[in-house]
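Here the structure is laid out as C-alpha cells; the discussion comes afterwards.
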Amino acid sequence: MANKIKTIGVLTSGGDAPGMNAAIRAVVRRAISKDIKVIGIRRGYAGLLAEDFIEMQGKDVSDTIGKGGTILQTARCLEFKDPDISKHGAEILKKHGIDGMVVIGGDGSFRGAHRLASLGINTIGIPATIDLDIACTDYTIGFDTALNTAMEAIDKVRDTSTSHVRCSIIEVMGRHAGHLAMWCAIANGAEDLLIPEKYDYNEVKIINHIKETRAKGKKHHIIINAEGIGESQSMARRIEAETGMETRATILGHMQRGGSPSCKDRVYASIMGAKAVDLLAEGKTNRVVAHKNGDFIDFDINEALEMKKSVDEYMFDVCKSFAN
C-alpha cells in the first residue's frame, strides 16, 4: 500500500456551482473521521500559488451545507497551464506537507489536477459544474439547483408573456453545452429550443413556427436559447420585425449559479466528497469521482477528459415532439 495520506488540501476552481460547500464539508468531515488533516485553499489554483491556505476543522464547515457559492471562493487561473507554474504549485503543496488534493470543479480544473498528480501529489477530482458537460458522469454538482432556478424563472416570464401575448426568448447558461437548456425546454413547455449541438441557425423556421402557434390561438411563444448560441437581444428584434409579435429577450445569467443547493445537490455532493477522501486514503491518484448508472464510481482523469458528451438524442426528439 502507498504511504498513508496525512494531509489533504481542498480547493474549488472555475465557475461556482450550488453544492460545492456540501462537497467541501464532506471532504473535511470524512478526512477528520480518518485522522487526516485538511487544508482549505482559497481561490482555486490562484490561491494555491499565493499560498492562501487555512487549516479546516469540523466547526469551520458547520451550517455550510445549505449555502450557495463556495466558502473557499474560486477563480480561473490560466497560468496554471504552464508546466513551470504547475510544477511550482506542486512544490508549494509539498512544502506545506500536503500529500493529497481534492479538486472540485470542471474539466479545466481536472487538467490542473492531472498535472499535480503527475508531479507526485495524489489528486482526486470532483465534478462540479451547472453545465452537466463532463462526459464520464451522469451528474455534476450544481446542475440540479441551476435547473430548478432557471425553471422557476422561466415560469414567471411565461406568465407575463401570456398576459401581453408576447414571444419570449429566454437565455440560460451552459457555455457550449445544451443540457440545461434542453431540460428547461421540456420542464417549461417551451415552443422552441436552440442549443449548440443541434441549432441550424435557420430563423425562418422559428418565425414560421411562431406564426403557426399564433394561428392555433397560443397566447405566448417561449424560446429557450442556450448561452452558446447567444445573441438573444438581436434575435428578439428580428423576430418581432418578421412576425409582428412583441418579442422580448431575458438573459437569466449568473442567478443560475447562486442560491441554496437542492436536496439532490447536497446529498450527491456529500457522497462525492466522502468518496474522494476514501480514494486518497486508499492511495489512489489521478482519479475523478463520477455518478454513472446509479452508482458512485471513479475514472482515470485522462480517460475522463478524452470522453465526449452530447445531448441525449431521444430526449431531444421528445422535446421537439412536444413543441407544437
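Residue numbers start at 1 in each chain; chains themselves are named A, B, ... in the order of the C-alpha cells; ligands are numbered from 1 in the order shown.
Residues of stretch 226-264 of chain A that DSSP, applied to the backbone, places in strand (DSSP E): Ala226, Thr247, Arg248, Ala249, Thr250 and Ile251 of chain A.
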Kindly export the residues of the current selection with C-alpha atoms, as a short mmCIF file (atom, residue, chain, number, x, y, z; two decimals), in the first residue's frame.
```
data_model
loop_
_atom_site.label_atom_id
_atom_site.label_comp_id
_atom_site.auth_asym_id
_atom_site.auth_seq_id
_atom_site.Cartn_x
_atom_site.Cartn_y
_atom_site.Cartn_z
CA ALA A 226 -28.55 28.31 -24.78
CA THR A 247 -40.75 39.89 -28.57
CA ARG A 248 -38.55 40.30 -25.52
CA ALA A 249 -35.26 38.70 -24.52
CA THR A 250 -34.47 37.70 -20.95
CA ILE A 251 -30.94 36.61 -20.05
#
```
Step one, run DSSP on the backbone; step two, keep only residues of stretch 75-309 of chain A assigned to alpha helix (DSSP H); then write them as a CSV table (one decimal) with C-alpha atoms, in the first residue's frame.
```csv
chain,number,residue,atom,x,y,z
A,83,PRO,CA,4.3,23.4,-16.8
A,84,ASP,CA,6.7,25.5,-14.8
A,85,ILE,CA,3.9,27.2,-12.9
A,86,SER,CA,2.1,23.9,-12.1
A,87,LYS,CA,5.5,22.4,-11.0
A,88,HIS,CA,5.9,25.4,-8.7
A,89,GLY,CA,2.3,24.7,-7.4
A,90,ALA,CA,3.3,21.1,-6.6
A,91,GLU,CA,6.4,22.3,-4.8
A,92,ILE,CA,4.3,24.6,-2.6
A,93,LEU,CA,2.0,21.8,-1.7
A,94,LYS,CA,4.9,19.6,-0.7
A,95,LYS,CA,6.5,22.4,1.3
A,107,ASP,CA,-12.8,19.8,-16.9
A,108,GLY,CA,-10.3,22.7,-16.8
A,109,SER,CA,-9.9,22.1,-13.1
A,110,PHE,CA,-9.3,18.4,-13.8
A,111,ARG,CA,-6.5,19.2,-16.2
A,112,GLY,CA,-4.8,21.0,-13.4
A,113,ALA,CA,-5.5,18.1,-11.1
A,114,HIS,CA,-3.8,15.8,-13.6
A,115,ARG,CA,-0.7,18.0,-13.7
A,116,LEU,CA,-0.5,17.8,-9.9
A,117,ALA,CA,-0.9,14.1,-10.0
A,118,SER,CA,1.9,13.8,-12.5
A,143,PHE,CA,-26.8,21.2,-12.3
A,144,ASP,CA,-30.0,20.2,-10.4
A,145,THR,CA,-30.2,23.5,-8.4
A,146,ALA,CA,-29.4,25.6,-11.5
A,147,LEU,CA,-32.1,23.8,-13.5
A,148,ASN,CA,-34.7,24.5,-10.8
A,149,THR,CA,-33.7,28.1,-10.6
A,150,ALA,CA,-34.0,28.5,-14.3
A,151,MET,CA,-37.2,26.6,-14.5
A,152,GLU,CA,-38.9,28.8,-11.8
A,153,ALA,CA,-37.7,32.0,-13.6
A,154,ILE,CA,-39.0,30.8,-16.9
A,155,ASP,CA,-42.4,30.0,-15.4
A,156,LYS,CA,-42.6,33.6,-14.2
A,157,VAL,CA,-41.5,35.0,-17.6
A,158,ARG,CA,-44.1,32.9,-19.3
A,159,ASP,CA,-46.9,34.3,-17.1
A,160,THR,CA,-46.1,37.8,-18.2
A,161,SER,CA,-45.6,36.7,-21.8
A,162,THR,CA,-49.1,35.2,-21.8
A,163,SER,CA,-50.6,38.4,-20.3
A,164,HIS,CA,-49.0,40.5,-23.0
A,179,HIS,CA,-28.2,20.2,-21.4
A,180,LEU,CA,-29.5,22.9,-19.1
A,181,ALA,CA,-31.5,24.5,-22.0
A,182,MET,CA,-33.0,21.2,-23.1
A,183,TRP,CA,-34.1,20.2,-19.6
A,184,CYS,CA,-35.7,23.6,-19.2
A,185,ALA,CA,-37.4,23.4,-22.6
A,186,ILE,CA,-39.1,20.2,-21.5
A,187,ALA,CA,-39.8,21.3,-17.9
A,203,GLU,CA,-34.5,31.7,-38.1
A,204,VAL,CA,-37.1,31.4,-40.8
A,205,LYS,CA,-38.1,28.1,-39.3
A,206,ILE,CA,-38.6,29.7,-35.9
A,207,ILE,CA,-40.5,32.6,-37.4
A,208,ASN,CA,-42.8,30.2,-39.3
A,209,HIS,CA,-43.3,28.2,-36.1
A,210,ILE,CA,-44.4,31.4,-34.2
A,211,LYS,CA,-46.9,32.2,-36.9
A,212,GLU,CA,-48.3,28.6,-36.8
A,213,THR,CA,-48.7,28.6,-33.0
A,214,ARG,CA,-50.4,32.1,-33.1
A,215,ALA,CA,-52.8,30.8,-35.7
A,232,SER,CA,-30.8,36.8,-27.7
A,233,GLN,CA,-31.4,40.6,-27.9
A,234,SER,CA,-30.7,40.9,-31.6
A,235,MET,CA,-32.7,37.8,-32.3
A,236,ALA,CA,-35.7,39.3,-30.5
A,237,ARG,CA,-35.6,42.4,-32.7
A,238,ARG,CA,-35.5,40.3,-35.9
A,239,ILE,CA,-38.3,38.0,-34.8
A,240,GLU,CA,-40.6,40.9,-33.8
A,241,ALA,CA,-39.9,42.6,-37.1
A,242,GLU,CA,-40.8,39.5,-39.1
A,243,THR,CA,-43.8,38.3,-37.1
A,263,CYS,CA,-31.6,18.2,-1.8
A,264,LYS,CA,-30.0,16.2,-4.6
A,265,ASP,CA,-27.0,18.6,-4.9
A,266,ARG,CA,-26.5,18.4,-1.2
A,267,VAL,CA,-26.6,14.7,-0.9
A,268,TYR,CA,-24.7,13.8,-4.1
A,269,ALA,CA,-22.0,16.4,-3.4
A,270,SER,CA,-21.6,14.9,0.1
A,271,ILE,CA,-21.2,11.4,-1.2
A,272,MET,CA,-18.7,12.5,-3.8
A,273,GLY,CA,-16.7,14.5,-1.3
A,274,ALA,CA,-16.5,11.5,1.0
A,275,LYS,CA,-15.6,9.2,-1.9
A,276,ALA,CA,-12.7,11.5,-2.9
A,277,VAL,CA,-11.3,11.2,0.6
A,278,ASP,CA,-11.7,7.4,0.6
A,279,LEU,CA,-9.9,7.1,-2.7
A,280,LEU,CA,-7.0,9.2,-1.3
A,281,ALA,CA,-6.9,7.1,1.8
A,301,ILE,CA,-8.7,11.6,-15.2
A,302,ASN,CA,-7.1,11.2,-18.6
A,303,GLU,CA,-9.8,8.7,-19.6
A,304,ALA,CA,-12.5,11.1,-18.4
A,305,LEU,CA,-11.1,14.1,-20.3
A,306,GLU,CA,-10.9,12.1,-23.5
```
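Residue neighbourhood of A:Glu191, excluding near-sequence residues (fewer than 2 positions): Cys167, Ala185, Ile186, Asn188, Gly189, Leu193, Ile206, His209, Ile210, Thr213, His220, His221, Ile222, Ile223, Ile224, Cys319, Lys320, Ser321, Phe322, Ala323 and Asn324 of chain A, at 10 Å, using only C-alpha atoms.
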Selected residues written out with C-alpha atoms, as a PDB file, in the first residue's frame:
```pdb
ATOM      1  CA  CYS A 167     -42.780  35.905 -27.686  1.00  0.00           C
ATOM      2  CA  ALA A 185     -37.417  23.370 -22.598  1.00  0.00           C
ATOM      3  CA  ILE A 186     -39.138  20.168 -21.504  1.00  0.00           C
ATOM      4  CA  ASN A 188     -41.266  24.664 -19.020  1.00  0.00           C
ATOM      5  CA  GLY A 189     -43.127  23.522 -22.108  1.00  0.00           C
ATOM      6  CA  LEU A 193     -35.161  25.148 -28.218  1.00  0.00           C
ATOM      7  CA  ILE A 206     -38.573  29.718 -35.924  1.00  0.00           C
ATOM      8  CA  HIS A 209     -43.343  28.208 -36.103  1.00  0.00           C
ATOM      9  CA  ILE A 210     -44.365  31.362 -34.214  1.00  0.00           C
ATOM     10  CA  THR A 213     -48.706  28.633 -32.984  1.00  0.00           C
ATOM     11  CA  HIS A 220     -47.273  33.168 -25.851  1.00  0.00           C
ATOM     12  CA  HIS A 221     -44.243  31.640 -27.548  1.00  0.00           C
ATOM     13  CA  ILE A 222     -41.304  30.611 -25.406  1.00  0.00           C
ATOM     14  CA  ILE A 223     -37.880  30.093 -26.970  1.00  0.00           C
ATOM     15  CA  ILE A 224     -35.181  28.627 -24.720  1.00  0.00           C
ATOM     16  CA  CYS A 319     -38.583  17.787 -26.715  1.00  0.00           C
ATOM     17  CA  LYS A 320     -39.180  18.559 -30.394  1.00  0.00           C
ATOM     18  CA  SER A 321     -42.349  16.465 -30.494  1.00  0.00           C
ATOM     19  CA  PHE A 322     -43.837  18.479 -27.618  1.00  0.00           C
ATOM     20  CA  ALA A 323     -43.190  21.870 -29.272  1.00  0.00           C
ATOM     21  CA  ASN A 324     -46.422  22.420 -31.172  1.00  0.00           C
TER      22      ASN A 324
END
```
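Going from atom CA of A:Asp82 to atom CA of A:Phe53 covers 21.8 Å.
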- request: Do a neighbour search on stretch 128-135 of chain A at 6 Å with only C-alpha atoms, toss out local chain neighbours closer than 3 positions, and write the hits as a PyMOL selection string.
  value: chain A and resi 17+105-106+140-143+174+307-309
- prompt: By how many Å are atom CA of A:Arg76 and atom CA of A:Gly47 apart?
  reply: 10.2 Å
Got a sec: who's within 6 Å of stretch 259-262 of chain A, counting only C-alpha atoms, leaving out chain neighbours fewer than 4 positions off, as a PDB file with N, CA and C atoms, in the first residue's frame?
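around-v4.pdb, freshly written:
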```pdb
ATOM      1  N   PRO A  18     -23.850  25.506  -7.069  1.00  0.00           N
ATOM      2  CA  PRO A  18     -24.511  25.166  -5.809  1.00  0.00           C
ATOM      3  C   PRO A  18     -24.221  23.719  -5.419  1.00  0.00           C
ATOM      4  N   GLY A  19     -23.776  23.517  -4.201  1.00  0.00           N
ATOM      5  CA  GLY A  19     -23.413  22.186  -3.734  1.00  0.00           C
ATOM      6  C   GLY A  19     -21.921  22.051  -3.500  1.00  0.00           C
ATOM      7  N   GLY A  66     -26.101  24.107   3.285  1.00  0.00           N
ATOM      8  CA  GLY A  66     -27.204  24.747   2.570  1.00  0.00           C
ATOM      9  C   GLY A  66     -26.847  26.066   1.918  1.00  0.00           C
ATOM     10  N   LYS A  67     -25.583  26.462   1.982  1.00  0.00           N
ATOM     11  CA  LYS A  67     -25.165  27.741   1.409  1.00  0.00           C
ATOM     12  C   LYS A  67     -24.755  27.592  -0.048  1.00  0.00           C
ATOM     13  N   GLY A  68     -25.130  28.578  -0.850  1.00  0.00           N
ATOM     14  CA  GLY A  68     -24.696  28.600  -2.236  1.00  0.00           C
ATOM     15  C   GLY A  68     -23.272  29.101  -2.349  1.00  0.00           C
ATOM     16  N   THR A 145     -29.729  22.244  -9.003  1.00  0.00           N
ATOM     17  CA  THR A 145     -30.161  23.522  -8.438  1.00  0.00           C
ATOM     18  C   THR A 145     -30.307  24.575  -9.523  1.00  0.00           C
TER      19      THR A 145
END
```
Distance query A:Lys4 at most 12 Å, only C-alpha atoms, self and fewer than 3 positions along chain excluded, as a PyMOL selection string: chain A and resi 1+7-8+34-37+98-100+122+278-284
message: I need the residue nearest A:Leu252 from this list: A:Asp52, A:Glu171, A:Ile65, A:Val311. Use only C-alpha atoms for the distance.
response: A:Glu171
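Residue nearest A:Ala290 within the list A:Ile170, A:Met20, A:Phe80, A:Cys136: A:Cys136 [criterion: smallest interatomic distance, only C-alpha atoms].
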Selection: 10 Å around A:Gly40, only C-alpha atoms, excl. self and same-chain fewer than 6 positions, as a PyMOL selection string: chain A and resi 8-12+24+28+47-48+52-57+71-72+101-102
Written file, previous selection with N, CA and C atoms, as a PDB file, in the first residue's frame:
```
ATOM      1  N   ILE A   8      -4.668  16.514   3.547  1.00  0.00           N
ATOM      2  CA  ILE A   8      -5.378  16.710   2.286  1.00  0.00           C
ATOM      3  C   ILE A   8      -5.644  18.202   2.092  1.00  0.00           C
ATOM      4  N   GLY A   9      -5.369  18.681   0.896  1.00  0.00           N
ATOM      5  CA  GLY A   9      -5.776  20.030   0.510  1.00  0.00           C
ATOM      6  C   GLY A   9      -7.055  19.957  -0.301  1.00  0.00           C
ATOM      7  N   VAL A  10      -7.898  20.973  -0.197  1.00  0.00           N
ATOM      8  CA  VAL A  10      -9.135  21.003  -0.975  1.00  0.00           C
ATOM      9  C   VAL A  10      -9.321  22.399  -1.543  1.00  0.00           C
ATOM     10  N   LEU A  11      -9.689  22.452  -2.828  1.00  0.00           N
ATOM     11  CA  LEU A  11      -9.953  23.741  -3.464  1.00  0.00           C
ATOM     12  C   LEU A  11     -11.127  23.623  -4.421  1.00  0.00           C
ATOM     13  N   THR A  12     -11.738  24.762  -4.685  1.00  0.00           N
ATOM     14  CA  THR A  12     -12.791  24.858  -5.699  1.00  0.00           C
ATOM     15  C   THR A  12     -12.264  25.754  -6.808  1.00  0.00           C
ATOM     16  N   ILE A  24     -17.182  20.365   0.029  1.00  0.00           N
ATOM     17  CA  ILE A  24     -16.092  20.787   0.919  1.00  0.00           C
ATOM     18  C   ILE A  24     -16.330  20.236   2.322  1.00  0.00           C
ATOM     19  N   VAL A  28     -13.910  17.632   4.495  1.00  0.00           N
ATOM     20  CA  VAL A  28     -13.368  17.962   5.814  1.00  0.00           C
ATOM     21  C   VAL A  28     -13.782  16.920   6.848  1.00  0.00           C
ATOM     22  N   GLY A  47      -5.063  30.741  -5.602  1.00  0.00           N
ATOM     23  CA  GLY A  47      -4.781  30.758  -4.169  1.00  0.00           C
ATOM     24  C   GLY A  47      -3.690  29.783  -3.784  1.00  0.00           C
ATOM     25  N   LEU A  48      -3.629  28.664  -4.524  1.00  0.00           N
ATOM     26  CA  LEU A  48      -2.546  27.699  -4.272  1.00  0.00           C
ATOM     27  C   LEU A  48      -1.194  28.380  -4.519  1.00  0.00           C
ATOM     28  N   ASP A  52      -2.484  30.756  -0.173  1.00  0.00           N
ATOM     29  CA  ASP A  52      -3.614  31.255   0.617  1.00  0.00           C
ATOM     30  C   ASP A  52      -4.315  30.057   1.258  1.00  0.00           C
ATOM     31  N   PHE A  53      -3.736  29.536   2.331  1.00  0.00           N
ATOM     32  CA  PHE A  53      -4.159  28.287   2.955  1.00  0.00           C
ATOM     33  C   PHE A  53      -4.754  28.540   4.337  1.00  0.00           C
ATOM     34  N   ILE A  54      -5.667  27.651   4.742  1.00  0.00           N
ATOM     35  CA  ILE A  54      -6.218  27.691   6.083  1.00  0.00           C
ATOM     36  C   ILE A  54      -6.494  26.265   6.541  1.00  0.00           C
ATOM     37  N   GLU A  55      -6.070  25.915   7.730  1.00  0.00           N
ATOM     38  CA  GLU A  55      -6.398  24.598   8.261  1.00  0.00           C
ATOM     39  C   GLU A  55      -7.876  24.577   8.626  1.00  0.00           C
ATOM     40  N   MET A  56      -8.571  23.500   8.273  1.00  0.00           N
ATOM     41  CA  MET A  56     -10.019  23.416   8.484  1.00  0.00           C
ATOM     42  C   MET A  56     -10.355  22.345   9.509  1.00  0.00           C
ATOM     43  N   GLN A  57     -11.210  22.747  10.436  1.00  0.00           N
ATOM     44  CA  GLN A  57     -11.746  21.839  11.444  1.00  0.00           C
ATOM     45  C   GLN A  57     -13.221  21.591  11.148  1.00  0.00           C
ATOM     46  N   ILE A  71     -17.392  28.514   0.072  1.00  0.00           N
ATOM     47  CA  ILE A  71     -16.754  29.198   1.198  1.00  0.00           C
ATOM     48  C   ILE A  71     -15.253  29.361   0.974  1.00  0.00           C
ATOM     49  N   LEU A  72     -14.695  28.572   0.073  1.00  0.00           N
ATOM     50  CA  LEU A  72     -13.269  28.690  -0.245  1.00  0.00           C
ATOM     51  C   LEU A  72     -13.017  29.659  -1.396  1.00  0.00           C
ATOM     52  N   MET A 101      -4.711  15.879  -2.676  1.00  0.00           N
ATOM     53  CA  MET A 101      -5.513  17.036  -3.081  1.00  0.00           C
ATOM     54  C   MET A 101      -6.883  16.592  -3.583  1.00  0.00           C
ATOM     55  N   VAL A 102      -7.915  17.362  -3.216  1.00  0.00           N
ATOM     56  CA  VAL A 102      -9.248  17.204  -3.785  1.00  0.00           C
ATOM     57  C   VAL A 102      -9.568  18.486  -4.543  1.00  0.00           C
TER      58      VAL A 102
END
```
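Here atom CA of A:Gly44 stands at a distance of 9.0 Å from atom CA of A:Ile104.
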